[in-house]
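Scroll down for the structure; my scribbles are underneath it.
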Amino acid sequence: MKKEKRFSKKEYHEAKNSHINLDTSFINYLVASQTAYPMKKRPDRNNLPEGTVPCHYCPGKCCRYFALPIDTPESWKEYDYMRWFLLHDRATVFVDDGTWYLLVHTKCKHLDDRTNLCGIYETRPDICREYSSNKCEYEDHYVYDQYFELPEQVEEYAEAVLGTKRKREAT
Ligand code: SF4
Ligand code: SF4
């Protein structure tokens, strides 16, 4: 399922100009996160108080999920794997720039609940080091090319793309 790591988190959160599907469930999740972890009023990133960075005003959005590239589904069997992903709590699938990703909405164990900052900053993984707050999901307007939350959406999409109904064999 998993390909080589060939992405940076900032790349797949850039807004797209076409085929826009608003990521409402993730936004709802983030809103819930902000309710659970109240934060300071969020200033525009271009107008931050001196000596601060966006992370000081963010609920730690980039630390509340992980995503992995997956093979582009091409058969019913592969779409069925996607259905299986989406039968799990907090799992979604999105497509960005033609690449498919499994997205799991789960908080990093080291995100500090009190500050919404990294609790292991000095030893955080490379992927966290390489992710810049200069270009991130601090704002709420990022979108994906496609976004799947429900197994039924995958089945409908597969029917449209493959042009056939799925055959379920009696077992
Ligand atoms: S890098 Fe961006 S999304 Fe992540 S905590 Fe900082 S401001 Fe928030
Ligand atoms: S290690 Fe730190 S920066 Fe990386 S996801 Fe966890 S809390 Fe965020």
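Just so we're on the same page: first chain in the structure tokens is A, next is B, and so on; residues restart at 1 for each chain, and ligands are numbered from 1 in the order they show up.
With the cut-off set to 8 Å and only C-alpha atoms and all ligand atoms counted, the residues surrounding ligand 1 are Val53, Pro54, Cys55, His56, Tyr57, Cys58, Pro59, Gly60, Lys61, Cys62, Cys63, Asn116, Leu117, Tyr131, Ser132, Ser133, Asn134, Lys135, Cys136, Glu137 and Tyr138 of chain A.
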Give me a file of those residues, with N, CA and C atoms, as a PDB file, in the first residue's frame.
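Okay, this is what ended up in again_10.pdb:
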```
ATOM      1  N   VAL A  53       5.433  33.595  16.070  1.00  0.00           N
ATOM      2  CA  VAL A  53       5.242  32.840  14.820  1.00  0.00           C
ATOM      3  C   VAL A  53       3.800  32.337  14.825  1.00  0.00           C
ATOM      4  N   PRO A  54       3.296  31.912  13.655  1.00  0.00           N
ATOM      5  CA  PRO A  54       1.897  31.463  13.609  1.00  0.00           C
ATOM      6  C   PRO A  54       1.566  30.408  14.656  1.00  0.00           C
ATOM      7  N   CYS A  55       2.518  29.521  14.940  1.00  0.00           N
ATOM      8  CA  CYS A  55       2.249  28.418  15.882  1.00  0.00           C
ATOM      9  C   CYS A  55       1.809  28.928  17.262  1.00  0.00           C
ATOM     10  N   HIS A  56       2.203  30.143  17.610  1.00  0.00           N
ATOM     11  CA  HIS A  56       1.808  30.686  18.912  1.00  0.00           C
ATOM     12  C   HIS A  56       0.317  30.987  18.978  1.00  0.00           C
ATOM     13  N   TYR A  57      -0.357  30.998  17.829  1.00  0.00           N
ATOM     14  CA  TYR A  57      -1.786  31.350  17.791  1.00  0.00           C
ATOM     15  C   TYR A  57      -2.624  30.231  17.177  1.00  0.00           C
ATOM     16  N   CYS A  58      -2.014  29.084  16.975  1.00  0.00           N
ATOM     17  CA  CYS A  58      -2.644  27.982  16.244  1.00  0.00           C
ATOM     18  C   CYS A  58      -2.952  26.839  17.220  1.00  0.00           C
ATOM     19  N   PRO A  59      -4.011  26.089  16.983  1.00  0.00           N
ATOM     20  CA  PRO A  59      -4.290  24.937  17.867  1.00  0.00           C
ATOM     21  C   PRO A  59      -3.409  23.729  17.554  1.00  0.00           C
ATOM     22  N   GLY A  60      -2.342  23.966  16.822  1.00  0.00           N
ATOM     23  CA  GLY A  60      -1.452  22.851  16.481  1.00  0.00           C
ATOM     24  C   GLY A  60      -2.066  21.975  15.413  1.00  0.00           C
ATOM     25  N   LYS A  61      -2.632  22.617  14.419  1.00  0.00           N
ATOM     26  CA  LYS A  61      -3.370  21.865  13.394  1.00  0.00           C
ATOM     27  C   LYS A  61      -2.540  20.762  12.754  1.00  0.00           C
ATOM     28  N   CYS A  62      -1.284  21.069  12.429  1.00  0.00           N
ATOM     29  CA  CYS A  62      -0.478  20.095  11.680  1.00  0.00           C
ATOM     30  C   CYS A  62      -0.053  18.925  12.565  1.00  0.00           C
ATOM     31  N   CYS A  63      -0.324  19.009  13.858  1.00  0.00           N
ATOM     32  CA  CYS A  63       0.049  17.934  14.777  1.00  0.00           C
ATOM     33  C   CYS A  63      -1.165  17.088  15.159  1.00  0.00           C
ATOM     34  N   ASN A 116      -0.526  23.946  23.015  1.00  0.00           N
ATOM     35  CA  ASN A 116      -0.655  23.561  21.601  1.00  0.00           C
ATOM     36  C   ASN A 116       0.674  23.670  20.867  1.00  0.00           C
ATOM     37  N   LEU A 117       1.759  23.516  21.591  1.00  0.00           N
ATOM     38  CA  LEU A 117       3.094  23.511  20.984  1.00  0.00           C
ATOM     39  C   LEU A 117       3.719  22.134  21.195  1.00  0.00           C
ATOM     40  N   TYR A 131       8.763  20.978   8.018  1.00  0.00           N
ATOM     41  CA  TYR A 131       7.479  21.644   7.765  1.00  0.00           C
ATOM     42  C   TYR A 131       7.553  23.073   8.284  1.00  0.00           C
ATOM     43  N   SER A 132       7.367  24.020   7.382  1.00  0.00           N
ATOM     44  CA  SER A 132       7.555  25.418   7.762  1.00  0.00           C
ATOM     45  C   SER A 132       6.228  26.103   8.072  1.00  0.00           C
ATOM     46  N   SER A 133       6.233  26.858   9.144  1.00  0.00           N
ATOM     47  CA  SER A 133       5.028  27.637   9.473  1.00  0.00           C
ATOM     48  C   SER A 133       4.880  28.834   8.545  1.00  0.00           C
ATOM     49  N   ASN A 134       5.861  29.045   7.650  1.00  0.00           N
ATOM     50  CA  ASN A 134       5.728  30.131   6.669  1.00  0.00           C
ATOM     51  C   ASN A 134       4.657  29.813   5.636  1.00  0.00           C
ATOM     52  N   LYS A 135       4.426  28.508   5.443  1.00  0.00           N
ATOM     53  CA  LYS A 135       3.422  28.103   4.464  1.00  0.00           C
ATOM     54  C   LYS A 135       2.773  26.825   4.994  1.00  0.00           C
ATOM     55  N   CYS A 136       1.675  26.989   5.697  1.00  0.00           N
ATOM     56  CA  CYS A 136       1.060  25.831   6.355  1.00  0.00           C
ATOM     57  C   CYS A 136      -0.436  26.056   6.436  1.00  0.00           C
ATOM     58  N   GLU A 137      -1.112  25.184   7.156  1.00  0.00           N
ATOM     59  CA  GLU A 137      -2.566  25.289   7.248  1.00  0.00           C
ATOM     60  C   GLU A 137      -3.031  26.184   8.396  1.00  0.00           C
ATOM     61  N   TYR A 138      -2.229  27.152   8.734  1.00  0.00           N
ATOM     62  CA  TYR A 138      -2.613  28.114   9.779  1.00  0.00           C
ATOM     63  C   TYR A 138      -3.984  28.718   9.498  1.00  0.00           C
TER      64      TYR A 138
END
```
Contacts to ligand 2 at 10 Å cut-off (only C-alpha atoms and all ligand atoms) as JSON, numbers by chain
{"A": [60, 61, 62, 63, 64, 65, 66, 107, 108, 109, 110, 111, 112, 113, 116, 117, 118, 119, 120, 121, 122, 123, 124, 125, 126, 127, 128, 129, 130, 131]}
Convert the current residue selection to file output with N, CA and C atoms, as a compact mmCIF listing (two decimals), in the first residue's frame.
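out.txt, written as the output of this step:
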```
# COMPACT_ATOMS: atom_id res chain seq x y z
N GLY A 60 -2.34 23.97 16.82
CA GLY A 60 -1.45 22.85 16.48
C GLY A 60 -2.07 21.97 15.41
N LYS A 61 -2.63 22.62 14.42
CA LYS A 61 -3.37 21.87 13.39
C LYS A 61 -2.54 20.76 12.75
N CYS A 62 -1.28 21.07 12.43
CA CYS A 62 -0.48 20.09 11.68
C CYS A 62 -0.05 18.93 12.56
N CYS A 63 -0.32 19.01 13.86
CA CYS A 63 0.05 17.93 14.78
C CYS A 63 -1.17 17.09 15.16
N ARG A 64 -2.26 17.28 14.46
CA ARG A 64 -3.51 16.59 14.82
C ARG A 64 -3.95 15.58 13.76
N TYR A 65 -3.03 15.17 12.92
CA TYR A 65 -3.34 14.15 11.92
C TYR A 65 -2.02 13.62 11.38
N PHE A 66 -2.08 12.51 10.66
CA PHE A 66 -0.97 12.15 9.78
C PHE A 66 -1.56 11.61 8.49
N LYS A 107 -4.32 13.00 17.14
CA LYS A 107 -3.37 13.97 17.69
C LYS A 107 -2.03 13.31 18.04
N CYS A 108 -0.97 14.01 17.73
CA CYS A 108 0.35 13.53 18.16
C CYS A 108 0.39 13.49 19.69
N LYS A 109 0.99 12.43 20.21
CA LYS A 109 1.05 12.27 21.67
C LYS A 109 1.86 13.37 22.33
N HIS A 110 2.67 14.08 21.54
CA HIS A 110 3.57 15.07 22.13
C HIS A 110 3.11 16.51 21.91
N LEU A 111 1.91 16.67 21.40
CA LEU A 111 1.37 18.02 21.32
C LEU A 111 0.90 18.41 22.72
N ASP A 112 1.45 19.49 23.21
CA ASP A 112 1.14 19.93 24.57
C ASP A 112 -0.30 20.47 24.62
N ASP A 113 -1.14 19.85 25.44
CA ASP A 113 -2.54 20.25 25.52
C ASP A 113 -2.72 21.68 26.04
N ASN A 116 -0.53 23.95 23.02
CA ASN A 116 -0.66 23.56 21.60
C ASN A 116 0.67 23.67 20.87
N LEU A 117 1.76 23.52 21.59
CA LEU A 117 3.09 23.51 20.98
C LEU A 117 3.72 22.13 21.19
N CYS A 118 4.80 21.89 20.45
CA CYS A 118 5.46 20.58 20.52
C CYS A 118 6.12 20.36 21.87
N GLY A 119 5.84 19.19 22.44
CA GLY A 119 6.43 18.86 23.73
C GLY A 119 7.80 18.22 23.64
N ILE A 120 8.23 17.92 22.39
CA ILE A 120 9.56 17.32 22.21
C ILE A 120 10.31 18.08 21.10
N TYR A 121 10.23 19.39 21.20
CA TYR A 121 10.73 20.25 20.12
C TYR A 121 12.16 19.91 19.71
N GLU A 122 13.04 19.68 20.69
CA GLU A 122 14.45 19.44 20.38
C GLU A 122 14.66 18.11 19.66
N THR A 123 13.79 17.17 19.88
CA THR A 123 13.99 15.83 19.28
C THR A 123 12.85 15.46 18.32
N ARG A 124 12.10 16.45 17.87
CA ARG A 124 10.98 16.16 16.96
C ARG A 124 11.51 15.54 15.67
N PRO A 125 10.69 14.73 15.02
CA PRO A 125 11.12 14.05 13.79
C PRO A 125 11.43 15.02 12.66
N ASP A 126 12.17 14.52 11.68
CA ASP A 126 12.57 15.36 10.54
C ASP A 126 11.36 15.96 9.82
N ILE A 127 10.31 15.15 9.65
CA ILE A 127 9.16 15.66 8.90
C ILE A 127 8.58 16.91 9.57
N CYS A 128 8.66 16.96 10.89
CA CYS A 128 8.18 18.14 11.62
C CYS A 128 9.15 19.31 11.44
N ARG A 129 10.45 18.99 11.40
CA ARG A 129 11.45 20.05 11.21
C ARG A 129 11.34 20.67 9.83
N GLU A 130 11.03 19.82 8.85
CA GLU A 130 11.00 20.30 7.47
C GLU A 130 9.73 21.07 7.15
N TYR A 131 8.76 20.98 8.02
CA TYR A 131 7.48 21.64 7.76
C TYR A 131 7.55 23.07 8.28
```
How far is it from atom CA of Phe94 of chain A to atom CA of Asn46 of chain A, in Å with one decimal?
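Rounded to one decimal, the two atoms are 28.9 Å apart.
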One-decimal distance in Å that lies between atom CA of Ile70 of chain A and atom CA of Asp140 of chain A:
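Separation between atom CA of Asp140 of chain A and atom CA of Ile70 of chain A: 25.0 Å.
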Between A:Ala158, A:Val93, A:Ala67, A:Val143, smallest distance to Thr106 of chain A by only C-alpha atoms belongs to A:Ala67
Closest to Leu68 of chain A among A:His105, A:Arg114, A:Lys165, A:His141, using only C-alpha atoms?
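Closest residue, counting only C-alpha atoms: A:His105.
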To one decimal place, how far is atom CA of Glu156 of chain A from atom CA of Val95 of chain A in Å?
16.0 Å
Using only C-alpha atoms, determine which residues lie at most 10 Å from Phe85 of chain A, disregarding the query and same-chain residues fewer than 5 positions distant; provide the list as a VMD selection string.
chain A and resid 79 to 80 90 to 93 102 to 104 149 to 151
Judged by only C-alpha atoms, the minimum distance to Thr164 of chain A among A:Leu87, A:Trp76, A:Asp145, A:Pro69 is found for A:Trp76
